[in-house]
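Note sheet for the following structure.
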Amino acid sequence: MRHLAHLGRGLGFPFRFSERTGGTEESSDLEHIRESILQILGTRPGERFMRPEFGSRVKDLVFEQNDAVLKGLLRYHIMDAIQRWEKRVAVTGVEFEGAENNQLLVRIGYRAVHSEGEGSLVWSFPRE
C-alpha cells in the first residue's frame, strides 16, 4: 500500500516494544486509524482523566437483549463516536456478522476523508 503520510503516525495500540530496536512500536496510515477506532470503542466516557468525554457508549449496552434494537443502538453509538473522535475517516458501514462465544461480531467499514484509502475492522462486542 502506498504511504499516506497525511493520515498520521503514532504509538501502536496496544502499546508494545519492538524486539528489533528495543523502542516503542509505531503505526501509520490506515493501521493507525484502525488502532484509533479500537481505542475509541474500548474507552468509556469518563475513563480518561484529561479527556473525560472521550470514548463511546457501546459498553453501556453489554446487558441489552441481542435483538434489532441492540444492533440499531450499537450502529448509532459506533458511528457517533467515530465521527466525533476520528476526523480522518467517514464510516461507510456497520454490519453484524453473527455471534461467537458470547461476542457479537461487528464489521466497521471506513474511508479516509482526504484520500482514496479504505479500511475495515471486525470488532467483538462482548455480550456478558
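Convention: chains lettered A, B, ... in C-alpha cells order; per-chain residue numbering from 1; ligands numbered from 1 as shown.
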Using only C-alpha atoms, which residues sit within 12 Å of stretch 96-99 of chain A once same-chain residues fewer than 4 positions away are excluded, as an MDAnalysis selection string? chainID A and resid 66:68 70:72 74:75 103:109 121:127
Keeping C-alpha atoms for every residue in the selection just given, could you write it to a file as a JSON list (two decimals), in the first residue's frame?
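Wrote it out as result.json, contents follow:
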[["chain", "number", "residue", "atom", "x", "y", "z"],
["A", 66, "ASN", "CA", -29.48, -9.35, 21.49],
["A", 67, "ASP", "CA", -32.06, -8.08, 19.00],
["A", 68, "ALA", "CA", -32.62, -5.44, 16.31],
["A", 70, "LEU", "CA", -29.36, -3.54, 20.26],
["A", 71, "LYS", "CA", -27.92, -3.57, 16.74],
["A", 72, "GLY", "CA", -29.50, -0.20, 15.97],
["A", 74, "LEU", "CA", -24.68, -0.18, 18.53],
["A", 75, "ARG", "CA", -24.67, 1.19, 14.97],
["A", 103, "GLN", "CA", -19.33, -11.95, 21.33],
["A", 104, "LEU", "CA", -21.35, -10.08, 18.71],
["A", 105, "LEU", "CA", -19.08, -9.55, 15.70],
["A", 106, "VAL", "CA", -19.35, -6.08, 14.15],
["A", 107, "ARG", "CA", -17.68, -5.16, 10.83],
["A", 108, "ILE", "CA", -16.94, -1.44, 10.58],
["A", 109, "GLY", "CA", -16.02, -0.04, 7.19],
["A", 121, "LEU", "CA", -12.14, -3.99, 11.00],
["A", 122, "VAL", "CA", -14.10, -6.66, 12.79],
["A", 123, "TRP", "CA", -14.73, -5.69, 16.38],
["A", 124, "SER", "CA", -16.01, -8.10, 19.02],
["A", 125, "PHE", "CA", -18.74, -6.67, 21.22],
["A", 126, "PRO", "CA", -18.84, -8.67, 24.47],
["A", 127, "ARG", "CA", -22.27, -9.98, 25.48]]
Among stretch 30-111 of chain A, which ones does DSSP place in alpha helix (DSSP H), written as a PyMOL selection string? chain A and resi 30-42+68-85
Exercise: A:Lys87 partners within 10 Å, only C-alpha atoms, chain neighbours under 5 positions left out, as a VMD selection string: chain A and resid 33 82 112 to 113
Next, write the just-selected residues to a file, as a PDB file, in the first residue's frame, keeping N, CA, C and O atoms as the atom set.
ATOM      1  N   ILE A  33      -5.210   4.538  12.001  1.00  0.00           N
ATOM      2  CA  ILE A  33      -6.636   4.863  12.124  1.00  0.00           C
ATOM      3  C   ILE A  33      -7.390   3.685  12.728  1.00  0.00           C
ATOM      4  O   ILE A  33      -8.231   3.861  13.616  1.00  0.00           O
ATOM      5  N   ILE A  82     -17.093   7.479  16.307  1.00  0.00           N
ATOM      6  CA  ILE A  82     -16.045   7.593  15.293  1.00  0.00           C
ATOM      7  C   ILE A  82     -16.124   8.956  14.608  1.00  0.00           C
ATOM      8  O   ILE A  82     -15.108   9.601  14.383  1.00  0.00           O
ATOM      9  N   ALA A 112     -10.878   6.968   4.318  1.00  0.00           N
ATOM     10  CA  ALA A 112     -10.103   8.153   4.685  1.00  0.00           C
ATOM     11  C   ALA A 112     -10.694   9.355   3.957  1.00  0.00           C
ATOM     12  O   ALA A 112     -10.940   9.297   2.753  1.00  0.00           O
ATOM     13  N   VAL A 113     -10.928  10.427   4.672  1.00  0.00           N
ATOM     14  CA  VAL A 113     -11.625  11.590   4.127  1.00  0.00           C
ATOM     15  C   VAL A 113     -10.843  12.263   3.006  1.00  0.00           C
ATOM     16  O   VAL A 113     -11.414  12.636   1.993  1.00  0.00           O
TER      17      VAL A 113
END
Between atom CA of A:Trp85 and atom CA of A:Arg57 lies a distance of 12.8 Å
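Here the question is which of A:Asn101, A:Ser56, A:Thr92, A:Ser36 gets nearest to A:Asp80 using only C-alpha atoms, and that residue is A:Ser56.
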Using DSSP on the backbone coordinates, identify the residues of stretch 68-101 of chain A assigned to strand (DSSP E or B); present them as JSON, numbers by chain. {"A": [89, 90, 91, 92, 93, 94, 95, 96, 97, 98, 99, 100]}
So how many Å separate atom CA of A:Val91 and atom CA of A:Val62, to one decimal?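 Distance between the two atoms: 22.3 Å.
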Do a neighbour search on A:Pro45 at 10 Å with only C-alpha atoms, toss out local chain neighbours closer than 4 positions, and write the hits as a count of residues only. 10
One-decimal distance in Å that lies between atom CA of A:Asp60 and atom CA of A:Leu30: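 Separating atom CA of A:Leu30 from atom CA of A:Asp60 is a distance of 27.7 Å.
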Kindly indicate which residue among A:Asn102, A:Ala90, A:Glu47, A:Met79 lies nearest to A:Glu116, using only C-alpha atoms for the distances. A:Ala90
